$ cat coords.tsv   # TSV, N, CA and C atoms
chain	number	residue	atom	x	y	z
A	12	LEU	N	49.58	6.58	45.07
A	12	LEU	CA	50.18	7.86	45.39
A	12	LEU	C	49.47	8.51	46.56
A	13	ARG	N	48.15	8.37	46.58
A	13	ARG	CA	47.40	8.95	47.69
A	13	ARG	C	47.82	8.32	49.00
A	14	ALA	N	48.03	7.00	49.01
A	14	ALA	CA	48.47	6.31	50.23
A	14	ALA	C	49.85	6.81	50.66
A	15	GLU	N	50.75	6.97	49.70
A	15	GLU	CA	52.08	7.47	50.02
A	15	GLU	C	52.01	8.89	50.57
A	16	TYR	N	51.16	9.71	49.96
A	16	TYR	CA	50.98	11.08	50.42
A	16	TYR	C	50.44	11.09	51.85
A	17	ASN	N	49.43	10.25	52.12
A	17	ASN	CA	48.86	10.17	53.47
A	17	ASN	C	49.90	9.73	54.49
A	18	ARG	N	50.76	8.77	54.10
A	18	ARG	CA	51.83	8.33	55.01
A	18	ARG	C	52.79	9.47	55.30
A	19	LEU	N	53.13	10.26	54.30
A	19	LEU	CA	54.01	11.41	54.49
A	19	LEU	C	53.39	12.41	55.45
A	20	VAL	N	52.13	12.72	55.27
A	20	VAL	CA	51.44	13.67	56.13
A	20	VAL	C	51.37	13.14	57.56
A	21	GLU	N	51.04	11.84	57.72
A	21	GLU	CA	50.99	11.25	59.06
A	21	GLU	C	52.35	11.29	59.73
A	22	GLY	N	53.40	11.03	58.96
A	22	GLY	CA	54.75	11.09	59.51
A	22	GLY	C	55.11	12.49	59.98
A	23	LEU	N	54.74	13.50	59.20
A	23	LEU	CA	54.99	14.88	59.60
A	23	LEU	C	54.20	15.23	60.86
A	24	ALA	N	52.97	14.73	60.97
A	24	ALA	CA	52.15	14.99	62.14
A	24	ALA	C	52.76	14.32	63.37
A	25	ARG	N	53.25	13.09	63.23
A	25	ARG	CA	53.88	12.39	64.36
A	25	ARG	C	55.12	13.13	64.84
A	26	ARG	N	55.87	13.70	63.92
A	26	ARG	CA	57.08	14.46	64.29
A	26	ARG	C	56.73	15.80	64.92
A	27	GLY	N	55.49	16.19	64.82
A	27	GLY	CA	55.09	17.47	65.39
A	27	GLY	C	55.16	18.61	64.40
A	28	ASP	N	55.44	18.30	63.14
A	28	ASP	CA	55.51	19.35	62.13
A	28	ASP	C	54.13	19.78	61.66
A	29	LEU	N	53.12	18.97	61.95
A	29	LEU	CA	51.74	19.28	61.55
A	29	LEU	C	50.81	18.98	62.72
A	30	SER	N	49.72	19.72	62.78
A	30	SER	CA	48.69	19.34	63.74
A	30	SER	C	47.88	18.20	63.14
A	31	GLY	N	47.09	17.54	63.92
A	31	GLY	CA	46.31	16.40	63.44
A	31	GLY	C	45.04	16.79	62.71
A	32	THR	N	44.80	18.09	62.52
A	32	THR	CA	43.56	18.53	61.88
A	32	THR	C	43.82	18.95	60.44
A	33	ASP	N	42.74	19.22	59.74
A	33	ASP	CA	42.87	19.68	58.36
A	33	ASP	C	43.28	21.15	58.27
A	34	GLN	N	43.38	21.85	59.40
A	34	GLN	CA	43.75	23.26	59.37
A	34	GLN	C	45.16	23.45	58.85
A	35	TRP	N	45.98	22.41	58.90
A	35	TRP	CA	47.36	22.54	58.41
A	35	TRP	C	47.40	22.85	56.93
A	36	LEU	N	46.32	22.53	56.20
A	36	LEU	CA	46.30	22.83	54.77
A	36	LEU	C	46.34	24.34	54.52
A	37	GLU	N	45.82	25.09	55.47
A	37	GLU	CA	45.79	26.53	55.30
A	37	GLU	C	47.02	27.20	55.91
A	38	ASN	N	47.85	26.44	56.55
A	38	ASN	CA	49.01	26.97	57.24
A	38	ASN	C	50.10	27.35	56.24
A	39	PRO	N	50.45	28.63	56.16
A	39	PRO	CA	51.47	29.05	55.19
A	39	PRO	C	52.86	28.51	55.54
A	40	ALA	N	53.06	28.02	56.76
A	40	ALA	CA	54.36	27.46	57.14
A	40	ALA	C	54.56	26.05	56.58
A	41	LEU	N	53.50	25.43	56.10
A	41	LEU	CA	53.61	24.10	55.52
A	41	LEU	C	54.47	24.16	54.27
A	42	PRO	N	55.40	23.23	54.11
A	42	PRO	CA	56.22	23.24	52.90
A	42	PRO	C	55.35	23.27	51.64
A	43	HIS	N	55.67	24.18	50.73
A	43	HIS	CA	54.85	24.41	49.54
A	43	HIS	C	54.72	23.14	48.70
A	44	GLY	N	55.76	22.32	48.62
A	44	GLY	CA	55.72	21.12	47.80
A	44	GLY	C	54.66	20.13	48.24
A	45	ILE	N	54.37	20.09	49.51
A	45	ILE	CA	53.35	19.15	49.99
A	45	ILE	C	51.98	19.63	49.56
A	46	ARG	N	51.72	20.91	49.66
A	46	ARG	CA	50.43	21.42	49.20
A	46	ARG	C	50.25	21.15	47.72
A	47	ARG	N	51.29	21.38	46.95
A	47	ARG	CA	51.20	21.13	45.52
A	47	ARG	C	51.04	19.65	45.24
A	48	ALA	N	51.63	18.81	46.07
A	48	ALA	CA	51.52	17.37	45.86
A	48	ALA	C	50.06	16.93	45.96
A	49	LYS	N	49.36	17.44	46.96
A	49	LYS	CA	47.95	17.07	47.11
A	49	LYS	C	47.16	17.56	45.89
A	50	GLN	N	47.44	18.77	45.44
A	50	GLN	CA	46.76	19.29	44.26
A	50	GLN	C	47.07	18.43	43.04
A	51	PHE	N	48.31	18.01	42.92
A	51	PHE	CA	48.71	17.19	41.78
A	51	PHE	C	48.01	15.84	41.81
A	52	VAL	N	47.87	15.24	42.98
A	52	VAL	CA	47.15	13.96	43.08
A	52	VAL	C	45.70	14.15	42.63
A	53	HIS	N	45.11	15.29	42.97
A	53	HIS	CA	43.74	15.57	42.52
A	53	HIS	C	43.69	15.74	41.00
A	54	VAL	N	44.69	16.40	40.43
A	54	VAL	CA	44.75	16.55	38.97
A	54	VAL	C	44.88	15.19	38.30
A	55	LEU	N	45.74	14.33	38.84
A	55	LEU	CA	45.89	12.98	38.28
A	55	LEU	C	44.57	12.21	38.34
A	56	HIS	N	43.87	12.36	39.43
A	56	HIS	CA	42.58	11.68	39.57
A	56	HIS	C	41.60	12.15	38.49
A	57	ARG	N	41.52	13.47	38.29
A	57	ARG	CA	40.63	14.02	37.26
A	57	ARG	C	41.06	13.57	35.87
A	58	LEU	N	42.38	13.54	35.62
A	58	LEU	CA	42.89	13.11	34.33
A	58	LEU	C	42.54	11.65	34.07
A	59	LEU	N	42.70	10.81	35.07
A	59	LEU	CA	42.36	9.39	34.90
A	59	LEU	C	40.87	9.20	34.66
A	60	GLN	N	40.04	9.97	35.35
A	60	GLN	CA	38.60	9.90	35.10
A	60	GLN	C	38.28	10.32	33.67
A	61	TYR	N	38.93	11.37	33.21
A	61	TYR	CA	38.71	11.84	31.84
A	61	TYR	C	39.12	10.76	30.84
A	62	LEU	N	40.31	10.17	31.03
A	62	LEU	CA	40.80	9.14	30.10
A	62	LEU	C	39.91	7.90	30.12
A	63	ARG	N	39.42	7.52	31.28
A	63	ARG	CA	38.49	6.38	31.35
A	63	ARG	C	37.24	6.66	30.53
A	64	GLY	N	36.74	7.88	30.64
A	64	GLY	CA	35.55	8.26	29.86
A	64	GLY	C	35.82	8.20	28.37
A	65	ARG	N	37.01	8.65	27.97
A	65	ARG	CA	37.36	8.62	26.55
A	65	ARG	C	37.48	7.18	26.05
A	66	LEU	N	37.95	6.29	26.88
A	66	LEU	CA	38.11	4.90	26.47
A	66	LEU	C	36.79	4.14	26.43
A	67	ASP	N	35.74	4.76	26.91
A	67	ASP	CA	34.41	4.13	26.82
A	67	ASP	C	33.78	4.31	25.45
A	68	ALA	N	34.44	5.02	24.57
A	68	ALA	CA	33.91	5.26	23.22
A	68	ALA	C	33.76	3.94	22.48
A	69	GLU	N	32.74	3.85	21.67
A	69	GLU	CA	32.49	2.61	20.93
A	69	GLU	C	33.19	2.59	19.59
A	70	ASN	N	33.54	3.75	19.07
A	70	ASN	CA	34.17	3.84	17.76
A	70	ASN	C	35.62	4.29	17.90
A	71	VAL	N	36.40	3.99	16.88
A	71	VAL	CA	37.78	4.45	16.83
A	71	VAL	C	37.77	5.96	16.61
A	72	GLU	N	38.58	6.67	17.39
A	72	GLU	CA	38.67	8.12	17.27
A	72	GLU	C	40.11	8.51	17.00
A	73	LYS	N	40.29	9.52	16.16
A	73	LYS	CA	41.62	10.04	15.86
A	73	LYS	C	41.56	11.55	15.96
A	74	GLU	N	42.53	12.13	16.68
A	74	GLU	CA	42.57	13.58	16.77
A	74	GLU	C	43.99	14.08	16.97
A	75	SER	N	44.17	15.34	16.71
A	75	SER	CA	45.48	15.98	16.86
A	75	SER	C	45.72	16.26	18.34
A	76	PRO	N	46.98	16.49	18.70
A	76	PRO	CA	47.27	16.84	20.10
A	76	PRO	C	46.54	18.10	20.54
A	77	VAL	N	46.43	19.10	19.68
A	77	VAL	CA	45.75	20.35	20.03
A	77	VAL	C	44.29	20.07	20.36
A	78	SER	N	43.63	19.29	19.53
A	78	SER	CA	42.24	18.94	19.77
A	78	SER	C	42.09	18.11	21.04
A	79	PHE	N	43.00	17.17	21.23
A	79	PHE	CA	42.94	16.31	22.41
A	79	PHE	C	43.13	17.12	23.69
A	80	VAL	N	44.06	18.05	23.70
A	80	VAL	CA	44.35	18.85	24.90
A	80	VAL	C	43.19	19.76	25.26
A	81	SER	N	42.44	20.21	24.28
A	81	SER	CA	41.32	21.10	24.58
A	81	SER	C	40.21	20.39	25.35
A	82	SER	N	40.07	19.09	25.15
A	82	SER	CA	39.02	18.34	25.84
A	82	SER	C	39.22	18.24	27.35
A	83	PRO	N	40.40	17.82	27.84
A	83	PRO	CA	40.55	17.77	29.30
A	83	PRO	C	40.47	19.16	29.93
A	84	ASN	N	40.83	20.18	29.15
A	84	ASN	CA	40.73	21.53	29.68
A	84	ASN	C	39.27	21.90	29.90
A	85	SER	N	38.43	21.64	28.91
A	85	SER	CA	37.02	22.02	29.04
A	85	SER	C	36.23	21.06	29.91
A	86	GLN	N	36.57	19.78	29.90
A	86	GLN	CA	35.77	18.79	30.64
A	86	GLN	C	36.28	18.50	32.05
A	87	ALA	N	37.58	18.62	32.28
A	87	ALA	CA	38.12	18.28	33.59
A	87	ALA	C	38.89	19.43	34.24
A	88	GLY	N	38.98	20.57	33.55
A	88	GLY	CA	39.67	21.72	34.11
A	88	GLY	C	41.18	21.54	34.19
A	89	ILE	N	41.75	20.76	33.29
A	89	ILE	CA	43.19	20.52	33.28
A	89	ILE	C	43.80	21.25	32.10
A	90	GLU	N	44.64	22.22	32.37
A	90	GLU	CA	45.23	23.04	31.33
A	90	GLU	C	46.41	22.35	30.66
A	91	GLN	N	46.76	22.83	29.48
A	91	GLN	CA	47.88	22.26	28.73
A	91	GLN	C	49.18	22.35	29.52
A	92	LYS	N	49.40	23.46	30.21
A	92	LYS	CA	50.63	23.63	30.98
A	92	LYS	C	50.73	22.57	32.08
A	93	THR	N	49.61	22.23	32.69
A	93	THR	CA	49.60	21.19	33.72
A	93	THR	C	49.97	19.85	33.11
A	94	LEU	N	49.41	19.55	31.93
A	94	LEU	CA	49.76	18.30	31.25
A	94	LEU	C	51.24	18.27	30.89
A	95	LYS	N	51.75	19.41	30.45
A	95	LYS	CA	53.14	19.49	30.01
A	95	LYS	C	54.12	19.13	31.12
A	96	PHE	N	53.80	19.48	32.35
A	96	PHE	CA	54.70	19.23	33.47
A	96	PHE	C	54.28	18.03	34.33
A	97	CYS	N	53.39	17.22	33.82
A	97	CYS	CA	52.88	16.07	34.55
A	97	CYS	C	54.01	15.10	34.94
A	98	TYR	N	54.88	14.78	34.00
A	98	TYR	CA	55.98	13.86	34.28
A	98	TYR	C	56.89	14.43	35.36
A	99	ASP	N	57.26	15.70	35.23
A	99	ASP	CA	58.16	16.33	36.20
A	99	ASP	C	57.55	16.36	37.60
A	100	ARG	N	56.27	16.66	37.66
A	100	ARG	CA	55.60	16.74	38.97
A	100	ARG	C	55.50	15.36	39.61
A	101	LEU	N	55.21	14.33	38.81
A	101	LEU	CA	55.17	12.98	39.36
A	101	LEU	C	56.54	12.56	39.86
A	102	ARG	N	57.55	12.84	39.07
A	102	ARG	CA	58.93	12.49	39.45
A	102	ARG	C	59.31	13.19	40.76
A	103	ALA	N	58.99	14.48	40.88
A	103	ALA	CA	59.30	15.23	42.09
A	103	ALA	C	58.56	14.66	43.30
A	104	LEU	N	57.30	14.28	43.09
A	104	LEU	CA	56.52	13.69	44.18
A	104	LEU	C	57.12	12.37	44.62
A	105	MET	N	57.51	11.54	43.67
A	105	MET	CA	58.10	10.25	44.01
A	105	MET	C	59.44	10.42	44.72
A	106	LEU	N	60.22	11.41	44.32
A	106	LEU	CA	61.48	11.68	45.01
A	106	LEU	C	61.23	12.21	46.42
A	107	THR	N	60.24	13.09	46.56
A	107	THR	CA	59.90	13.63	47.87
A	107	THR	C	59.45	12.52	48.82
A	108	LEU	N	58.68	11.60	48.29
A	108	LEU	CA	58.18	10.48	49.11
A	108	LEU	C	59.21	9.36	49.25
A	109	GLU	N	60.36	9.56	48.61
A	109	GLU	CA	61.46	8.59	48.66
A	109	GLU	C	61.02	7.21	48.17
A	110	ILE	N	60.29	7.20	47.07
A	110	ILE	CA	59.85	5.94	46.46
A	110	ILE	C	60.96	5.45	45.55
A	111	THR	N	61.56	4.32	45.91
A	111	THR	CA	62.66	3.79	45.11
A	111	THR	C	62.19	2.63	44.23
A	112	GLU	N	61.21	1.88	44.68
A	112	GLU	CA	60.66	0.77	43.90
A	112	GLU	C	59.49	1.32	43.09
A	113	SER	N	59.76	1.74	41.87
A	113	SER	CA	58.73	2.42	41.09
A	113	SER	C	57.95	1.50	40.16
A	114	ASP	N	58.23	0.20	40.18
A	114	ASP	CA	57.54	-0.72	39.28
A	114	ASP	C	56.02	-0.70	39.47
A	115	GLU	N	55.58	-0.59	40.71
A	115	GLU	CA	54.14	-0.60	40.95
A	115	GLU	C	53.47	0.68	40.48
A	116	PHE	N	54.26	1.72	40.20
A	116	PHE	CA	53.72	3.00	39.73
A	116	PHE	C	53.86	3.14	38.22
A	117	LEU	N	54.27	2.09	37.53
A	117	LEU	CA	54.47	2.16	36.09
A	117	LEU	C	53.21	2.61	35.33
A	118	PRO	N	52.02	2.13	35.68
A	118	PRO	CA	50.83	2.61	34.95
A	118	PRO	C	50.62	4.12	35.07
A	119	ILE	N	50.78	4.68	36.26
A	119	ILE	CA	50.58	6.12	36.40
A	119	ILE	C	51.73	6.89	35.75
A	120	GLN	N	52.92	6.31	35.74
A	120	GLN	CA	54.04	6.94	35.04
A	120	GLN	C	53.76	6.99	33.53
A	121	THR	N	53.16	5.94	33.01
A	121	THR	CA	52.82	5.89	31.59
A	121	THR	C	51.79	6.97	31.26
A	122	VAL	N	50.80	7.13	32.11
A	122	VAL	CA	49.78	8.17	31.91
A	122	VAL	C	50.44	9.55	31.96
A	123	CYS	N	51.34	9.76	32.90
A	123	CYS	CA	52.02	11.06	33.00
A	123	CYS	C	52.94	11.30	31.80
A	124	ASP	N	53.60	10.27	31.31
A	124	ASP	CA	54.41	10.41	30.10
A	124	ASP	C	53.53	10.84	28.92
A	125	PHE	N	52.39	10.18	28.78
A	125	PHE	CA	51.44	10.51	27.71
A	125	PHE	C	50.96	11.95	27.85
A	126	ALA	N	50.58	12.33	29.07
A	126	ALA	CA	50.09	13.69	29.31
A	126	ALA	C	51.15	14.72	28.96
A	127	THR	N	52.40	14.44	29.32
A	127	THR	CA	53.49	15.36	29.02
A	127	THR	C	53.70	15.49	27.51
A	128	LEU	N	53.61	14.38	26.80
A	128	LEU	CA	53.77	14.43	25.34
A	128	LEU	C	52.69	15.28	24.68
A	129	VAL	N	51.42	15.03	25.05
A	129	VAL	CA	50.35	15.79	24.40
A	129	VAL	C	50.32	17.24	24.88
A	130	GLY	N	50.83	17.49	26.08
A	130	GLY	CA	50.90	18.86	26.57
A	130	GLY	C	52.07	19.66	26.00
A	131	THR	N	53.09	18.95	25.51
A	131	THR	CA	54.29	19.61	25.02
A	131	THR	C	54.27	19.84	23.51
A	132	TYR	N	53.83	18.84	22.75
A	132	TYR	CA	53.90	18.90	21.29
A	132	TYR	C	52.51	19.09	20.70
A	133	ASP	N	52.41	20.02	19.77
A	133	ASP	CA	51.11	20.28	19.16
A	133	ASP	C	50.98	19.73	17.75
A	134	ARG	N	52.02	19.09	17.24
A	134	ARG	CA	51.93	18.46	15.92
A	134	ARG	C	53.00	17.36	15.83
A	135	GLY	N	52.86	16.55	14.79
A	135	GLY	CA	53.84	15.49	14.56
A	135	GLY	C	53.32	14.10	14.89
A	136	PHE	N	52.16	14.03	15.49
A	136	PHE	CA	51.56	12.74	15.78
A	136	PHE	C	50.06	12.92	15.99
A	137	SER	N	49.36	11.81	16.04
A	137	SER	CA	47.91	11.81	16.30
A	137	SER	C	47.61	10.92	17.48
A	138	ILE	N	46.54	11.22	18.15
A	138	ILE	CA	46.06	10.37	19.24
A	138	ILE	C	44.95	9.52	18.65
A	139	ILE	N	45.11	8.21	18.77
A	139	ILE	CA	44.11	7.27	18.27
A	139	ILE	C	43.55	6.52	19.47
A	140	ILE	N	42.25	6.61	19.64
A	140	ILE	CA	41.59	5.92	20.74
A	140	ILE	C	40.85	4.73	20.17
A	141	GLU	N	41.36	3.58	20.49
A	141	GLU	CA	40.77	2.31	20.05
A	141	GLU	C	40.40	1.53	21.30
A	142	THR	N	39.12	1.38	21.52
A	142	THR	CA	38.73	0.72	22.77
A	142	THR	C	38.87	-0.79	22.71
A	143	TYR	N	38.89	-1.36	21.53
A	143	TYR	CA	39.02	-2.81	21.41
A	143	TYR	C	40.10	-3.16	20.40
A	144	ASP	N	40.92	-4.10	20.76
A	144	ASP	CA	41.92	-4.66	19.86
A	144	ASP	C	41.23	-5.79	19.09
A	145	GLU	N	41.32	-5.76	17.79
A	145	GLU	CA	40.65	-6.78	16.98
A	145	GLU	C	41.09	-8.19	17.33
A	146	ARG	N	42.31	-8.33	17.84
A	146	ARG	CA	42.81	-9.65	18.23
A	146	ARG	C	42.16	-10.15	19.49
A	147	MET	N	41.67	-9.23	20.32
A	147	MET	CA	41.01	-9.59	21.59
A	147	MET	C	39.75	-8.73	21.77
A	148	PRO	N	38.73	-8.97	20.98
A	148	PRO	CA	37.56	-8.09	20.99
A	148	PRO	C	36.76	-8.13	22.29
A	149	HIS	N	36.94	-9.15	23.10
A	149	HIS	CA	36.19	-9.26	24.35
A	149	HIS	C	36.87	-8.53	25.50
A	150	ILE	N	38.07	-8.00	25.28
A	150	ILE	CA	38.79	-7.28	26.33
A	150	ILE	C	38.92	-5.80	25.93
A	151	PRO	N	38.25	-4.91	26.67
A	151	PRO	CA	38.34	-3.49	26.32
A	151	PRO	C	39.74	-2.94	26.59
$ encode --input "coords.tsv" --output "structure tokens"
Amino acid sequence: LRAEYNRLVEGLARRGDLSGTDQWLENPALPHGIRRAKQFVHVLHRLLQYLRGRLDAENVEKESPVSFVSSPNSQAGIEQKTLKFCYDRLRALMLTLEITESDEFLPIQTVCDFATLVGTYDRGFSIIIETYDERMPHIP
């Protein structure tokens, strides 16, 4: 996504819609969706770092969506509302970037689907973190 975002910014700069410096980030004339896109990519990065850390656990963990959502908020600064709209924001970004072949983005789409579920529903399921499958104990 970061590469696609960079290509979009470079394309806008070549067309003359942006200067070649970072000052364009502060330019209020810049389309609002692009500024939010960069922020969203940063949120995804923090979310992935948080999830990687959670998967480093050695024991099986089970928690409610409410409990799970409070952790990324306190540890990564990601609020429940941000998680709730993760799928929509990714979809909007992919449409803006005109990405039609989305197969290579399936892993990040899965993460965004998960984030949206835990951000939207506060009961009815549990989050179980199992770092090892008993059938394949050597593969985390």
$ closest_residue --input "coords.tsv" --among "A:Phe51, A:Phe116, A:Phe96, A:Phe79" --to "Ile140 (chain A)" --atoms "only C-alpha atoms"
A:Phe79
$ closest_residue --input "coords.tsv" --among "A:Leu58, A:Val129, A:Ile110, A:Val71" --to "Ile89 (chain A)" --atoms "only C-alpha atoms"
A:Leu58
$ closest_residue --input "coords.tsv" --among "A:Tyr143, A:Tyr132, A:Tyr98, A:Tyr61" --to "Pro76 (chain A)" --atoms "all atoms listed in the file"
A:Tyr132
$ atom_distance --input "coords.tsv" --atom1 "CA of Cys123 (chain A)" --atom2 "atom C of Ile150 (chain A)"
22.5 Å
$ select_by_dssp --input "coords.tsv" --residues "chain A" --states "strand (DSSP E or B)" --output "list in words"
Glu72, Lys73, Glu74, Ile138, Ile139, Ile140, Asp144 and Met147 of chain A
$ closest_residue --input "coords.tsv" --among "A:Thr142, A:Cys97, A:Pro83, A:Leu23" --to "Val122 (chain A)" --atoms "only C-alpha atoms"
A:Cys97
$ atom_distance --input "coords.tsv" --atom1 "CA of Leu104 (chain A)" --atom2 "CA of Asp124 (chain A)"
14.6 Å
$ closest_residue --input "coords.tsv" --among "A:His53, A:Glu90, A:His149, A:Lys95" --to "Phe125 (chain A)" --atoms "all atoms listed in the file"
A:Lys95
$ closest_residue --input "coords.tsv" --among "A:Glu145, A:Leu55, A:Arg18, A:Ile139" --to "Glu74 (chain A)" --atoms "all atoms listed in the file"
A:Ile139
$ atom_distance --input "coords.tsv" --atom1 "atom N of Lys73 (chain A)" --atom2 "CA of Thr121 (chain A)"
20.2 Å
$ select_by_dssp --input "coords.tsv" --residues "chain A" --states "alpha helix (DSSP H)" --output "PyMOL selection string"
chain A and resi 13-26+43-66+76-87+91-95+97-107+117-131
$ residues_around --input "coords.tsv" --residues "Leu106 (chain A)" --least-positions-apart "5" --cutoff "12 Å" --atoms "only C-alpha atoms" --output "list in words"
Leu12, Glu15, Tyr16, Gly44, Ala48, Asp99, Arg100, Leu101, Thr111, Glu112 and Ser113 of chain A
$ write_last_selection --input "coords.tsv" --atoms "N, CA and C atoms" --output "mmCIF file, in the coordinates of the input"
data_model
loop_
_atom_site.group_PDB
_atom_site.id
_atom_site.type_symbol
_atom_site.label_atom_id
_atom_site.label_comp_id
_atom_site.auth_asym_id
_atom_site.auth_seq_id
_atom_site.Cartn_x
_atom_site.Cartn_y
_atom_site.Cartn_z
ATOM 1 N N LEU A 12 49.580 6.580 45.070
ATOM 2 C CA LEU A 12 50.180 7.860 45.390
ATOM 3 C C LEU A 12 49.470 8.510 46.560
ATOM 4 N N GLU A 15 50.750 6.970 49.700
ATOM 5 C CA GLU A 15 52.080 7.470 50.020
ATOM 6 C C GLU A 15 52.010 8.890 50.570
ATOM 7 N N TYR A 16 51.160 9.710 49.960
ATOM 8 C CA TYR A 16 50.980 11.080 50.420
ATOM 9 C C TYR A 16 50.440 11.090 51.850
ATOM 10 N N GLY A 44 55.760 22.320 48.620
ATOM 11 C CA GLY A 44 55.720 21.120 47.800
ATOM 12 C C GLY A 44 54.660 20.130 48.240
ATOM 13 N N ALA A 48 51.630 18.810 46.070
ATOM 14 C CA ALA A 48 51.520 17.370 45.860
ATOM 15 C C ALA A 48 50.060 16.930 45.960
ATOM 16 N N ASP A 99 57.260 15.700 35.230
ATOM 17 C CA ASP A 99 58.160 16.330 36.200
ATOM 18 C C ASP A 99 57.550 16.360 37.600
ATOM 19 N N ARG A 100 56.270 16.660 37.660
ATOM 20 C CA ARG A 100 55.600 16.740 38.970
ATOM 21 C C ARG A 100 55.500 15.360 39.610
ATOM 22 N N LEU A 101 55.210 14.330 38.810
ATOM 23 C CA LEU A 101 55.170 12.980 39.360
ATOM 24 C C LEU A 101 56.540 12.560 39.860
ATOM 25 N N THR A 111 61.560 4.320 45.910
ATOM 26 C CA THR A 111 62.660 3.790 45.110
ATOM 27 C C THR A 111 62.190 2.630 44.230
ATOM 28 N N GLU A 112 61.210 1.880 44.680
ATOM 29 C CA GLU A 112 60.660 0.770 43.900
ATOM 30 C C GLU A 112 59.490 1.320 43.090
ATOM 31 N N SER A 113 59.760 1.740 41.870
ATOM 32 C CA SER A 113 58.730 2.420 41.090
ATOM 33 C C SER A 113 57.950 1.500 40.160
#
